[in-house]
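Working notes, beginning with the structure itself.
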Amino acid sequence: MSSAATLAIRGGQPAVTLTCQPWPIVSDLEAQWMEEVVRTGAWSWVGTHERAFCEEFARFIGAKHAMGLSNGTVTIQTALQAVGVQPGDEVIVPGLTWVATMQAALDVGANVVLVDVDAETFGLDPVTVEAAITERTRAIVPVHLYGCMVDMDGIMEVARRHGLKVVEDCAHQHGSRWRDQGAGSIGDAGSFSFQQSKVLTSGEGGAITCNDDEVFRTAFALKHVGWAPPGEDEPMKPAGVYAHNYRITEMQCVLLRGGLTRIEEQTRIREENALRLSEGLARIGGPLRVAKRDPRTTRQAYYAVTMHFDPAQAEGLNRAQYIAALAAEGLGLGLPYDPVYRHPLMDLQHSTSPVPYRDPAIMQDYASLRLPNVERICGETGLVMMHRMLLSEPAYIDQLVGAAAKVNDNLAAACEHFAAQEAAAP
């Protein structure tokens, strides 16, 4: 057997020889703006670039208002408070999300009710949401995770029927559109992260979008140490709220404005390459596939490609072994987040957590919680591929498909390899 046909884990030549697009991407425009900002000394306090970015981002999302904040955790906290969530209220959150979604609700005094997700999209399931509603429920936080949007028709219908607020967690969805309406403009507020890995990034940072003037005014004051937003020719005035300093800086907004000049074209490229990848994997068959795209998603901004591994088609390989075989060929895939209720970065029973100080009679029992779809996705079947890989040339995508085909054609050999490893282990 030739070196090219032999699995890379067994000494063969990797299938992927092309390189992936580095991230983040910057241009001379940001460098020029950054130098100008640094030299002015006007680095914060709703400066020229912050105002411009908020206007540009609101147009991009399709929302009436947008405001910048220091990160994508305080955006959720602030948005929840701005739509009326108070201590003791219940907020429904998916059991599969980054820890910040749950922490943000806990940190504003709400009690978090975790529910199961849709098995295909990894997103909040309207059916499980409705089953979890009680007289204390105040808000729903749909998390548009990785490369799929939540069923916003179902979520909004449930919310309207029960009089609940909806705060969209759009940390992975800068520019996604549901029935041609932007993620972050469908619910009562949207929360965005601009952390280093995101498709629009300033290293750290975040934004809130909304269409309601009062939600905007409240959220602005909450993040801007109590100052109400300025009028056309009026200075800022105290808004009469209990607030914090969650401000974004001019330097962050320079990076974000630069990123906005490229994001439309980058989204187009990612969508085309995601389709190329999905069709290629479907053509070769085997245990790996891309999650089905809901036809109501009219534009998908891929933070990552949501993928499924089917153990029944892997001829005895488990997910970890399959990932290792693909990685050796040059196709690097990652795992979804751990279930948020037992994420290793968040000990819900530690003295620094608010959970031990809450009434256990009205709190969900996170220690014994098991959500079937979350457990299966996290433990057995879920996979993700990061967005920078989708910005590479089509030939690179074809090589990724070729890497999967090579492993799929040699599953028995892969099984022998890992069996030998286990037998040799002390």
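Every chain in the structure tokens takes a letter, A first, then B, and so on in the order presented; its residues are numbered from 1, and the ligands are numbered from 1 following the presented order.
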
### Backbone-only DSSP, alpha helix (DSSP H) members of region 30-180 of chain A, as number ranges by chain
A: 30-40, 48-61, 74-82, 99-107, 126-132, 152-162

Excluding Gln349 (chain A) and residues on its chain fewer than 6 positions from it, collect all residues at most 9 Å away from it, counting only C-alpha atoms, and give them as a PDB file with C-alpha atoms, in the first residue's frame.
ATOM      1  CA  VAL A 355     -26.167  28.738  43.999  1.00  0.00           C
ATOM      2  CA  PRO A 356     -25.316  27.661  47.601  1.00  0.00           C
ATOM      3  CA  ALA A 367     -26.023  17.983  40.470  1.00  0.00           C
TER       4      ALA A 367
END

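Within the 12 Å cut-off around Thr17 (chain A), using only C-alpha atoms and omitting residues fewer than 2 positions from it on the same chain, the listed residues are A:Ala4, A:Gln13, A:Pro14, A:Ala15, A:Thr19, A:Cys20, A:Ala328, A:Glu329, A:Gly330, A:Leu331, A:Ala395, A:Tyr396, A:Ile397, A:Asp398, A:Gln399, A:Leu400, A:Gly402, A:Ala403.
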
Residues of the last selection are to be written out with C-alpha atoms, as a CSV table (one decimal), in the first residue's frame.
chain,number,residue,atom,x,y,z
A,4,ALA,CA,-0.7,8.3,0.4
A,13,GLN,CA,1.1,10.8,4.3
A,14,PRO,CA,-1.6,13.2,5.6
A,15,ALA,CA,-4.4,13.9,3.1
A,19,THR,CA,-2.9,25.4,4.9
A,20,CYS,CA,-5.8,27.0,6.8
A,328,ALA,CA,-3.6,13.0,11.7
A,329,GLU,CA,-4.8,13.5,8.2
A,330,GLY,CA,-5.0,17.3,8.7
A,331,LEU,CA,-8.8,17.6,9.4
A,395,ALA,CA,-9.3,23.2,-2.7
A,396,TYR,CA,-8.6,23.1,1.0
A,397,ILE,CA,-12.2,22.1,1.7
A,398,ASP,CA,-11.9,19.4,-0.9
A,399,GLN,CA,-8.9,18.1,0.9
A,400,LEU,CA,-10.8,18.0,4.2
A,402,GLY,CA,-10.6,13.7,1.1
A,403,ALA,CA,-9.3,13.3,4.6

### Message
List the spatial neighbours of Thr267 (chain A) as a PyMOL selection string - criterion: any atom at most 10 Å away, only C-alpha atoms, same-chain residues fewer than 5 positions off excluded.
### Response
chain A and resi 174-176+199+262+272-273+299-303+387+390-391

Export C-alpha atoms of the chosen residues as a compact mmCIF listing (two decimals), in the first residue's frame?
# COMPACT_ATOMS: atom_id res chain seq x y z
CA HIS A 174 -22.93 37.81 13.76
CA GLY A 175 -25.06 38.27 10.65
CA SER A 176 -27.22 35.13 10.66
CA VAL A 199 -16.19 36.10 13.38
CA ARG A 262 -15.07 42.46 5.60
CA GLU A 272 -20.29 28.56 0.14
CA ASN A 273 -17.57 26.45 1.72
CA ARG A 299 -28.19 33.48 6.02
CA GLN A 300 -25.89 31.49 8.29
CA ALA A 301 -22.87 33.14 9.88
CA TYR A 302 -20.74 30.17 10.88
CA TYR A 303 -18.79 30.59 14.10
CA HIS A 387 -14.97 29.13 11.06
CA LEU A 390 -14.27 27.87 6.03
CA LEU A 391 -12.36 30.99 4.92

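Coordinates place CA of Thr298 (chain A) at a distance of 5.7 Å from CA of Trp178 (chain A).
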
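By chain and then residue number, the residues within 12 Å of Ser353 (chain A) are A:Met102, A:Gln103, A:Ala104, A:Leu106, A:Asp107, A:Gly109, A:Leu345, A:Met346, A:Asp347, A:Leu348, A:Gln349, A:Tyr357, A:Arg358, counting only C-alpha atoms and disregarding those fewer than 4 positions away in sequence.
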
Go ahead and save the residues from that selection, with N, CA and C atoms, as a short mmCIF file (atom, residue, chain, number, x, y, z; two decimals), in the first residue's frame.
data_model
loop_
_atom_site.label_atom_id
_atom_site.label_comp_id
_atom_site.auth_asym_id
_atom_site.auth_seq_id
_atom_site.Cartn_x
_atom_site.Cartn_y
_atom_site.Cartn_z
N MET A 102 -25.34 30.88 31.42
CA MET A 102 -25.94 30.53 32.71
C MET A 102 -25.48 31.49 33.80
N GLN A 103 -24.18 31.78 33.83
CA GLN A 103 -23.65 32.66 34.87
C GLN A 103 -24.29 34.04 34.84
N ALA A 104 -24.51 34.57 33.65
CA ALA A 104 -25.07 35.92 33.53
C ALA A 104 -26.43 36.00 34.20
N LEU A 106 -27.62 33.91 36.58
CA LEU A 106 -27.44 33.73 38.02
C LEU A 106 -26.93 35.02 38.68
N ASP A 107 -26.04 35.71 37.98
CA ASP A 107 -25.39 36.87 38.59
C ASP A 107 -26.30 38.09 38.69
N GLY A 109 -29.31 37.63 39.80
CA GLY A 109 -30.27 37.20 40.82
C GLY A 109 -31.35 36.27 40.35
N LEU A 345 -15.11 24.33 34.23
CA LEU A 345 -14.73 25.70 34.57
C LEU A 345 -15.70 26.38 35.52
N MET A 346 -16.77 25.68 35.90
CA MET A 346 -17.79 26.33 36.72
C MET A 346 -18.32 25.36 37.77
N ASP A 347 -17.84 25.51 38.99
CA ASP A 347 -18.32 24.70 40.11
C ASP A 347 -19.52 25.43 40.72
N LEU A 348 -20.70 24.94 40.42
CA LEU A 348 -21.92 25.62 40.86
C LEU A 348 -22.11 25.56 42.37
N GLN A 349 -21.40 24.67 43.04
CA GLN A 349 -21.55 24.55 44.49
C GLN A 349 -20.42 25.22 45.27
N TYR A 357 -26.28 29.85 48.06
CA TYR A 357 -26.98 30.83 48.89
C TYR A 357 -28.45 31.01 48.48
N ARG A 358 -28.88 30.22 47.52
CA ARG A 358 -30.27 30.27 47.08
C ARG A 358 -31.08 29.19 47.77
#

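Comparing A:Ile133, A:Met67, A:Leu96, A:Leu114 by their smallest distance to Tyr246 (chain A), the closest is A:Met67 (using only C-alpha atoms).
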
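Backbone DSSP of region 249-406 of chain A yields strand (DSSP E or B) at Leu288, Arg289, Val290, Thr297, Thr298, Arg299, Ala304, Val305, Thr306, Met307, His308, Phe309, Gly334, Gly382, Leu383, Val384, Met385 and Met386 of chain A.
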
### Message
Need to verify the contact set: Met34 (chain A), 7 Å, only C-alpha atoms, exclusion of same-chain residues closer than 4 positions in sequence. Can you return it as a PyMOL selection string?
### Response
chain A and resi 30+38+251+254

### Selected residue, from A:Val407, A:Ile76, A:Ala52, A:Ala312, that lies nearest to Gly12 (chain A) when counting only C-alpha atoms
A:Val407

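Closest to Ile263 (chain A) among A:Arg247, A:Lys198, A:His65, A:His308 is A:Lys198, based on only C-alpha atoms.
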
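Checking A:Val74, A:Gly259, A:Glu265, A:Val113 one by one against Ser193 (chain A), counting only C-alpha atoms, you find the shortest gap at A:Val74.
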
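The shortest atom-to-atom distance to Arg177 (chain A), with only C-alpha atoms taken into account, belongs to A:Asp294 out of A:Glu56, A:Glu120, A:Glu279, A:Asp294.
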
### Message
Which residue is closest to Gly163 (chain A)? Choose from A:Ile323, A:Ala291, A:Val340, A:Ile140 and count only C-alpha atoms.
### Response
A:Ile140

Could you make a table, as a tab-separated table, of the residues of region 168-250 of chain A that have an atom within 6 Å of an atom of region 141-159 of chain A, each with its nearest atom pair and distance in Å to one decimal, counting only C-alpha atoms, in chain and number order?
residue	atom	partner	partner_atom	distance
A:Glu168	CA	A:Pro142	CA	5.3
A:Asp169	CA	A:Val143	CA	4.7
A:Cys170	CA	A:His144	CA	5.8
A:His172	CA	A:Tyr146	CA	5.8

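CA of Ile186 (chain A) sits 18.1 Å away from CA of Gly206 (chain A).
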